[in-house]
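Raw my_file.cif, mmCIF, N, CA and C atoms:
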data_start
loop_
_atom_site.group_PDB
_atom_site.id
_atom_site.type_symbol
_atom_site.label_atom_id
_atom_site.label_comp_id
_atom_site.auth_asym_id
_atom_site.auth_seq_id
_atom_site.Cartn_x
_atom_site.Cartn_y
_atom_site.Cartn_z
ATOM 1 N N MET R 1 131.289 78.386 84.756
ATOM 2 C CA MET R 1 130.884 78.896 83.465
ATOM 3 C C MET R 1 130.916 80.420 83.440
ATOM 4 N N ILE R 2 130.436 81.049 84.479
ATOM 5 C CA ILE R 2 130.411 82.507 84.502
ATOM 6 C C ILE R 2 131.830 83.078 84.498
ATOM 7 N N GLY R 3 132.768 82.331 85.069
ATOM 8 C CA GLY R 3 134.158 82.784 85.073
ATOM 9 C C GLY R 3 134.721 82.877 83.666
ATOM 10 N N GLY R 4 134.361 81.931 82.812
ATOM 11 C CA GLY R 4 134.813 81.957 81.425
ATOM 12 C C GLY R 4 134.234 83.136 80.662
ATOM 13 N N VAL R 5 132.971 83.422 80.912
ATOM 14 C CA VAL R 5 132.322 84.558 80.255
ATOM 15 C C VAL R 5 132.979 85.860 80.697
ATOM 16 N N VAL R 6 133.232 85.983 81.981
ATOM 17 C CA VAL R 6 133.891 87.182 82.511
ATOM 18 C C VAL R 6 135.296 87.312 81.929
ATOM 19 N N ALA R 7 136.009 86.211 81.806
ATOM 20 C CA ALA R 7 137.362 86.252 81.236
ATOM 21 C C ALA R 7 137.332 86.732 79.784
ATOM 22 N N VAL R 8 136.380 86.258 79.002
ATOM 23 C CA VAL R 8 136.262 86.688 77.606
ATOM 24 C C VAL R 8 135.936 88.177 77.536
ATOM 25 N N ILE R 9 135.045 88.639 78.392
ATOM 26 C CA ILE R 9 134.696 90.066 78.418
ATOM 27 C C ILE R 9 135.909 90.908 78.773
ATOM 28 N N VAL R 10 136.676 90.488 79.758
ATOM 29 C CA VAL R 10 137.863 91.231 80.178
ATOM 30 C C VAL R 10 138.900 91.288 79.056
ATOM 31 N N VAL R 11 139.146 90.157 78.409
ATOM 32 C CA VAL R 11 140.114 90.132 77.303
ATOM 33 C C VAL R 11 139.635 91.040 76.169
ATOM 34 N N TYR R 12 138.359 90.987 75.842
ATOM 35 C CA TYR R 12 137.785 91.819 74.787
ATOM 36 C C TYR R 12 137.976 93.303 75.109
ATOM 37 N N LEU R 13 137.675 93.680 76.332
ATOM 38 C CA LEU R 13 137.829 95.083 76.729
ATOM 39 C C LEU R 13 139.284 95.518 76.715
ATOM 40 N N LEU R 14 140.189 94.664 77.184
ATOM 41 C CA LEU R 14 141.610 95.012 77.194
ATOM 42 C C LEU R 14 142.166 95.178 75.781
ATOM 43 N N VAL R 15 141.759 94.316 74.880
ATOM 44 C CA VAL R 15 142.218 94.432 73.487
ATOM 45 C C VAL R 15 141.707 95.729 72.876
ATOM 46 N N ASN R 16 140.451 96.054 73.113
ATOM 47 C CA ASN R 16 139.895 97.285 72.561
ATOM 48 C C ASN R 16 140.540 98.531 73.156
ATOM 49 N N ILE R 17 140.818 98.509 74.439
ATOM 50 C CA ILE R 17 141.508 99.635 75.062
ATOM 51 C C ILE R 17 142.910 99.787 74.486
ATOM 52 N N ALA R 18 143.604 98.676 74.298
ATOM 53 C CA ALA R 18 144.946 98.726 73.709
ATOM 54 C C ALA R 18 144.898 99.302 72.297
ATOM 55 N N LEU R 19 143.914 98.901 71.512
ATOM 56 C CA LEU R 19 143.787 99.451 70.166
ATOM 57 C C LEU R 19 143.537 100.952 70.200
ATOM 58 N N LEU R 20 142.698 101.397 71.120
ATOM 59 C CA LEU R 20 142.406 102.827 71.228
ATOM 60 C C LEU R 20 143.614 103.635 71.701
ATOM 61 N N VAL R 21 144.478 103.025 72.490
ATOM 62 C CA VAL R 21 145.685 103.709 72.943
ATOM 63 C C VAL R 21 146.674 103.866 71.789
ATOM 64 N N VAL R 22 146.776 102.845 70.946
ATOM 65 C CA VAL R 22 147.781 102.843 69.879
ATOM 66 C C VAL R 22 147.278 103.573 68.628
ATOM 67 N N LEU R 23 146.024 103.376 68.268
ATOM 68 C CA LEU R 23 145.491 103.935 67.022
ATOM 69 C C LEU R 23 144.402 104.971 67.313
ATOM 70 N N PRO R 24 144.360 106.054 66.517
ATOM 71 C CA PRO R 24 143.228 106.983 66.648
ATOM 72 C C PRO R 24 141.946 106.332 66.105
ATOM 73 N N VAL R 25 140.809 106.810 66.569
ATOM 74 C CA VAL R 25 139.518 106.224 66.192
ATOM 75 C C VAL R 25 139.310 106.224 64.673
ATOM 76 N N PRO R 26 139.629 107.304 63.939
ATOM 77 C CA PRO R 26 139.434 107.244 62.484
ATOM 78 C C PRO R 26 140.280 106.148 61.807
ATOM 79 N N ALA R 27 141.468 105.902 62.322
ATOM 80 C CA ALA R 27 142.310 104.837 61.758
ATOM 81 C C ALA R 27 141.687 103.474 62.008
ATOM 82 N N ILE R 28 141.113 103.282 63.188
ATOM 83 C CA ILE R 28 140.438 102.018 63.494
ATOM 84 C C ILE R 28 139.217 101.841 62.590
ATOM 85 N N ALA R 29 138.482 102.928 62.377
ATOM 86 C CA ALA R 29 137.267 102.856 61.559
ATOM 87 C C ALA R 29 137.566 102.499 60.107
ATOM 88 N N HIS R 30 138.698 102.933 59.588
ATOM 89 C CA HIS R 30 139.022 102.685 58.183
ATOM 90 C C HIS R 30 139.926 101.470 57.967
ATOM 91 N N SER R 31 140.297 100.806 59.030
ATOM 92 C CA SER R 31 141.223 99.687 58.923
ATOM 93 C C SER R 31 140.483 98.382 58.664
ATOM 94 N N THR R 32 141.085 97.550 57.824
ATOM 95 C CA THR R 32 140.550 96.211 57.586
ATOM 96 C C THR R 32 140.893 95.287 58.742
ATOM 97 N N LEU R 33 142.090 95.428 59.281
ATOM 98 C CA LEU R 33 142.558 94.600 60.388
ATOM 99 C C LEU R 33 143.285 95.492 61.408
ATOM 100 N N PRO R 34 142.524 96.137 62.299
ATOM 101 C CA PRO R 34 143.124 97.089 63.238
ATOM 102 C C PRO R 34 144.208 96.482 64.130
ATOM 103 N N ALA R 35 144.049 95.237 64.514
ATOM 104 C CA ALA R 35 145.061 94.603 65.368
ATOM 105 C C ALA R 35 146.402 94.529 64.643
ATOM 106 N N ALA R 36 146.369 94.259 63.347
ATOM 107 C CA ALA R 36 147.608 94.207 62.569
ATOM 108 C C ALA R 36 148.234 95.593 62.442
ATOM 109 N N ASP R 37 147.402 96.600 62.268
ATOM 110 C CA ASP R 37 147.921 97.967 62.199
ATOM 111 C C ASP R 37 148.572 98.374 63.514
ATOM 112 N N ALA R 38 147.935 98.033 64.625
ATOM 113 C CA ALA R 38 148.497 98.349 65.934
ATOM 114 C C ALA R 38 149.798 97.579 66.164
ATOM 115 N N ALA R 39 149.835 96.328 65.769
ATOM 116 C CA ALA R 39 151.053 95.525 65.928
ATOM 117 C C ALA R 39 152.185 96.088 65.092
ATOM 118 N N GLN R 40 151.858 96.620 63.918
ATOM 119 C CA GLN R 40 152.895 97.224 63.078
ATOM 120 C C GLN R 40 153.486 98.456 63.756
ATOM 121 N N ILE R 41 152.658 99.248 64.404
ATOM 122 C CA ILE R 41 153.148 100.430 65.108
ATOM 123 C C ILE R 41 154.017 100.026 66.296
ATOM 124 N N VAL R 42 153.577 99.024 67.037
ATOM 125 C CA VAL R 42 154.281 98.626 68.261
ATOM 126 C C VAL R 42 155.518 97.788 67.950
ATOM 127 N N LEU R 43 155.402 96.829 67.031
ATOM 128 C CA LEU R 43 156.473 95.863 66.789
ATOM 129 C C LEU R 43 157.213 96.048 65.466
ATOM 130 N N GLY R 44 156.747 96.949 64.620
ATOM 131 C CA GLY R 44 157.364 97.124 63.314
ATOM 132 C C GLY R 44 156.668 96.272 62.267
ATOM 133 N N GLY R 45 157.287 96.154 61.099
ATOM 134 C CA GLY R 45 156.685 95.446 59.971
ATOM 135 C C GLY R 45 156.338 94.003 60.256
ATOM 136 N N TYR R 46 157.162 93.337 61.052
ATOM 137 C CA TYR R 46 156.882 91.927 61.352
ATOM 138 C C TYR R 46 155.655 91.772 62.253
ATOM 139 N N GLY R 47 155.342 92.771 63.036
ATOM 140 C CA GLY R 47 154.160 92.706 63.896
ATOM 141 C C GLY R 47 152.891 92.551 63.085
ATOM 142 N N ARG R 48 152.798 93.305 62.000
ATOM 143 C CA ARG R 48 151.621 93.207 61.130
ATOM 144 C C ARG R 48 151.520 91.811 60.521
ATOM 145 N N GLN R 49 152.639 91.271 60.086
ATOM 146 C CA GLN R 49 152.642 89.945 59.475
ATOM 147 C C GLN R 49 152.253 88.872 60.488
ATOM 148 N N ILE R 50 152.742 88.992 61.708
ATOM 149 C CA ILE R 50 152.431 88.001 62.743
ATOM 150 C C ILE R 50 150.938 87.984 63.035
ATOM 151 N N ILE R 51 150.342 89.159 63.222
ATOM 152 C CA ILE R 51 148.911 89.227 63.526
ATOM 153 C C ILE R 51 148.080 88.736 62.343
ATOM 154 N N THR R 52 148.492 89.071 61.129
ATOM 155 C CA THR R 52 147.760 88.600 59.944
ATOM 156 C C THR R 52 147.795 87.084 59.855
ATOM 157 N N VAL R 53 148.952 86.485 60.072
ATOM 158 C CA VAL R 53 149.073 85.021 60.027
ATOM 159 C C VAL R 53 148.236 84.380 61.135
ATOM 160 N N LEU R 54 148.292 84.932 62.339
ATOM 161 C CA LEU R 54 147.487 84.379 63.439
ATOM 162 C C LEU R 54 145.993 84.484 63.138
ATOM 163 N N SER R 55 145.579 85.567 62.513
ATOM 164 C CA SER R 55 144.174 85.714 62.133
ATOM 165 C C SER R 55 143.770 84.662 61.110
ATOM 166 N N LEU R 56 144.645 84.411 60.146
ATOM 167 C CA LEU R 56 144.341 83.394 59.131
ATOM 168 C C LEU R 56 144.313 81.993 59.720
ATOM 169 N N ILE R 57 145.190 81.724 60.670
ATOM 170 C CA ILE R 57 145.204 80.413 61.319
ATOM 171 C C ILE R 57 143.920 80.171 62.103
ATOM 172 N N SER R 58 143.343 81.240 62.656
ATOM 173 C CA SER R 58 142.143 81.078 63.476
ATOM 174 C C SER R 58 140.876 80.892 62.645
ATOM 175 N N LEU R 59 140.919 81.119 61.343
ATOM 176 C CA LEU R 59 139.715 81.014 60.512
ATOM 177 C C LEU R 59 139.239 79.589 60.218
ATOM 178 N N PRO R 60 140.087 78.627 59.881
ATOM 179 C CA PRO R 60 139.575 77.299 59.515
ATOM 180 C C PRO R 60 138.661 76.636 60.554
ATOM 181 N N PRO R 61 138.934 76.737 61.844
ATOM 182 C CA PRO R 61 137.995 76.097 62.784
ATOM 183 C C PRO R 61 136.587 76.697 62.729
ATOM 184 N N LEU R 62 136.473 77.926 62.278
ATOM 185 C CA LEU R 62 135.149 78.541 62.181
ATOM 186 C C LEU R 62 134.339 77.990 61.011
ATOM 187 N N SER R 63 135.028 77.456 60.004
ATOM 188 C CA SER R 63 134.325 76.980 58.816
ATOM 189 C C SER R 63 133.981 75.493 58.864
ATOM 190 N N THR R 64 134.468 74.772 59.864
ATOM 191 C CA THR R 64 134.165 73.342 59.941
ATOM 192 C C THR R 64 132.775 73.122 60.517
ATOM 193 N N ARG R 65 132.131 72.118 60.027
ATOM 194 C CA ARG R 65 130.795 71.772 60.536
ATOM 195 C C ARG R 65 130.922 70.616 61.511
ATOM 196 N N SER R 66 130.128 70.659 62.531
ATOM 197 C CA SER R 66 130.187 69.560 63.513
ATOM 198 C C SER R 66 129.007 68.639 63.382
#

Just dump the structure as structure tokens.
Amino acid sequence: MIGGVVAVIVVYLLVNIALLVVLPVPAIAHSTLPAADAAQIVLGGYGRQIITVLSLISLPPLSTRS
């Protein structure tokens, strides 16, 4: 169990470091979806679309009740 928690923390930190490398802090602060903005810089226009679609796909499981 602790390994899973550590893995999530590591992934979270790596994503945040990557965002800080690609985008300045004011851009991150004013962005609605910083990951999409970073993907657009790195991958071009399709990068933003890919991240936006992946974000939308990840939302429905959060709204289901168990």

Could you tell me which residues the PyMOL selection byres ((chain R and resi 37) around 8) grabs in this file, written as a PDB file with N, CA and C atoms, in the frame of the given file?
ATOM      1  N   VAL R  22     146.776 102.845  70.946  1.00  0.00           N
ATOM      2  CA  VAL R  22     147.781 102.843  69.879  1.00  0.00           C
ATOM      3  C   VAL R  22     147.278 103.573  68.628  1.00  0.00           C
ATOM      4  N   LEU R  23     146.024 103.376  68.268  1.00  0.00           N
ATOM      5  CA  LEU R  23     145.491 103.935  67.022  1.00  0.00           C
ATOM      6  C   LEU R  23     144.402 104.971  67.313  1.00  0.00           C
ATOM      7  N   SER R  31     140.297 100.806  59.030  1.00  0.00           N
ATOM      8  CA  SER R  31     141.223  99.687  58.923  1.00  0.00           C
ATOM      9  C   SER R  31     140.483  98.382  58.664  1.00  0.00           C
ATOM     10  N   THR R  32     141.085  97.550  57.824  1.00  0.00           N
ATOM     11  CA  THR R  32     140.550  96.211  57.586  1.00  0.00           C
ATOM     12  C   THR R  32     140.893  95.287  58.742  1.00  0.00           C
ATOM     13  N   LEU R  33     142.090  95.428  59.281  1.00  0.00           N
ATOM     14  CA  LEU R  33     142.558  94.600  60.388  1.00  0.00           C
ATOM     15  C   LEU R  33     143.285  95.492  61.408  1.00  0.00           C
ATOM     16  N   PRO R  34     142.524  96.137  62.299  1.00  0.00           N
ATOM     17  CA  PRO R  34     143.124  97.089  63.238  1.00  0.00           C
ATOM     18  C   PRO R  34     144.208  96.482  64.130  1.00  0.00           C
ATOM     19  N   ALA R  35     144.049  95.237  64.514  1.00  0.00           N
ATOM     20  CA  ALA R  35     145.061  94.603  65.368  1.00  0.00           C
ATOM     21  C   ALA R  35     146.402  94.529  64.643  1.00  0.00           C
ATOM     22  N   ALA R  36     146.369  94.259  63.347  1.00  0.00           N
ATOM     23  CA  ALA R  36     147.608  94.207  62.569  1.00  0.00           C
ATOM     24  C   ALA R  36     148.234  95.593  62.442  1.00  0.00           C
ATOM     25  N   ALA R  38     147.935  98.033  64.625  1.00  0.00           N
ATOM     26  CA  ALA R  38     148.497  98.349  65.934  1.00  0.00           C
ATOM     27  C   ALA R  38     149.798  97.579  66.164  1.00  0.00           C
ATOM     28  N   ALA R  39     149.835  96.328  65.769  1.00  0.00           N
ATOM     29  CA  ALA R  39     151.053  95.525  65.928  1.00  0.00           C
ATOM     30  C   ALA R  39     152.185  96.088  65.092  1.00  0.00           C
ATOM     31  N   GLN R  40     151.858  96.620  63.918  1.00  0.00           N
ATOM     32  CA  GLN R  40     152.895  97.224  63.078  1.00  0.00           C
ATOM     33  C   GLN R  40     153.486  98.456  63.756  1.00  0.00           C
ATOM     34  N   ILE R  41     152.658  99.248  64.404  1.00  0.00           N
ATOM     35  CA  ILE R  41     153.148 100.430  65.108  1.00  0.00           C
ATOM     36  C   ILE R  41     154.017 100.026  66.296  1.00  0.00           C
ATOM     37  N   VAL R  42     153.577  99.024  67.037  1.00  0.00           N
ATOM     38  CA  VAL R  42     154.281  98.626  68.261  1.00  0.00           C
ATOM     39  C   VAL R  42     155.518  97.788  67.950  1.00  0.00           C
ATOM     40  N   LEU R  43     155.402  96.829  67.031  1.00  0.00           N
ATOM     41  CA  LEU R  43     156.473  95.863  66.789  1.00  0.00           C
ATOM     42  C   LEU R  43     157.213  96.048  65.466  1.00  0.00           C
ATOM     43  N   GLY R  47     155.342  92.771  63.036  1.00  0.00           N
ATOM     44  CA  GLY R  47     154.160  92.706  63.896  1.00  0.00           C
ATOM     45  C   GLY R  47     152.891  92.551  63.085  1.00  0.00           C
ATOM     46  N   ARG R  48     152.798  93.305  62.000  1.00  0.00           N
ATOM     47  CA  ARG R  48     151.621  93.207  61.130  1.00  0.00           C
ATOM     48  C   ARG R  48     151.520  91.811  60.521  1.00  0.00           C
ATOM     49  N   GLN R  49     152.639  91.271  60.086  1.00  0.00           N
ATOM     50  CA  GLN R  49     152.642  89.945  59.475  1.00  0.00           C
ATOM     51  C   GLN R  49     152.253  88.872  60.488  1.00  0.00           C
ATOM     52  N   ILE R  51     150.342  89.159  63.222  1.00  0.00           N
ATOM     53  CA  ILE R  51     148.911  89.227  63.526  1.00  0.00           C
ATOM     54  C   ILE R  51     148.080  88.736  62.343  1.00  0.00           C
ATOM     55  N   THR R  52     148.492  89.071  61.129  1.00  0.00           N
ATOM     56  CA  THR R  52     147.760  88.600  59.944  1.00  0.00           C
ATOM     57  C   THR R  52     147.795  87.084  59.855  1.00  0.00           C
TER      58      THR R  52
END

Inset, instruction - Step one, run DSSP on the backbone; step two, keep only residues of chain R assigned to helix (DSSP H, G or I); then write them as JSON, numbers by chain. - result: {"R": [2, 3, 4, 5, 6, 7, 8, 9, 10, 11, 12, 13, 14, 15, 16, 17, 18, 19, 20, 21, 22, 25, 26, 27, 28, 29, 30, 34, 35, 36, 37, 38, 39, 40, 41, 42, 43, 45, 46, 47, 48, 49, 50, 51, 52, 53, 54, 55, 56, 57, 58, 60, 61, 62, 63]}

Inset, instruction - Quote the spacing between atom C of Ala27 in chain R and atom C of Gly4 in chain R in Å to one decimal place. - result: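 About the pair atom C of Ala27 in chain R and atom C of Gly4 in chain R: they are 28.6 Å apart.
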
Legend entry - One-decimal distance in Å that lies between CA of Ile57 in chain R and atom N of Ala18 in chain R: 22.5 Å
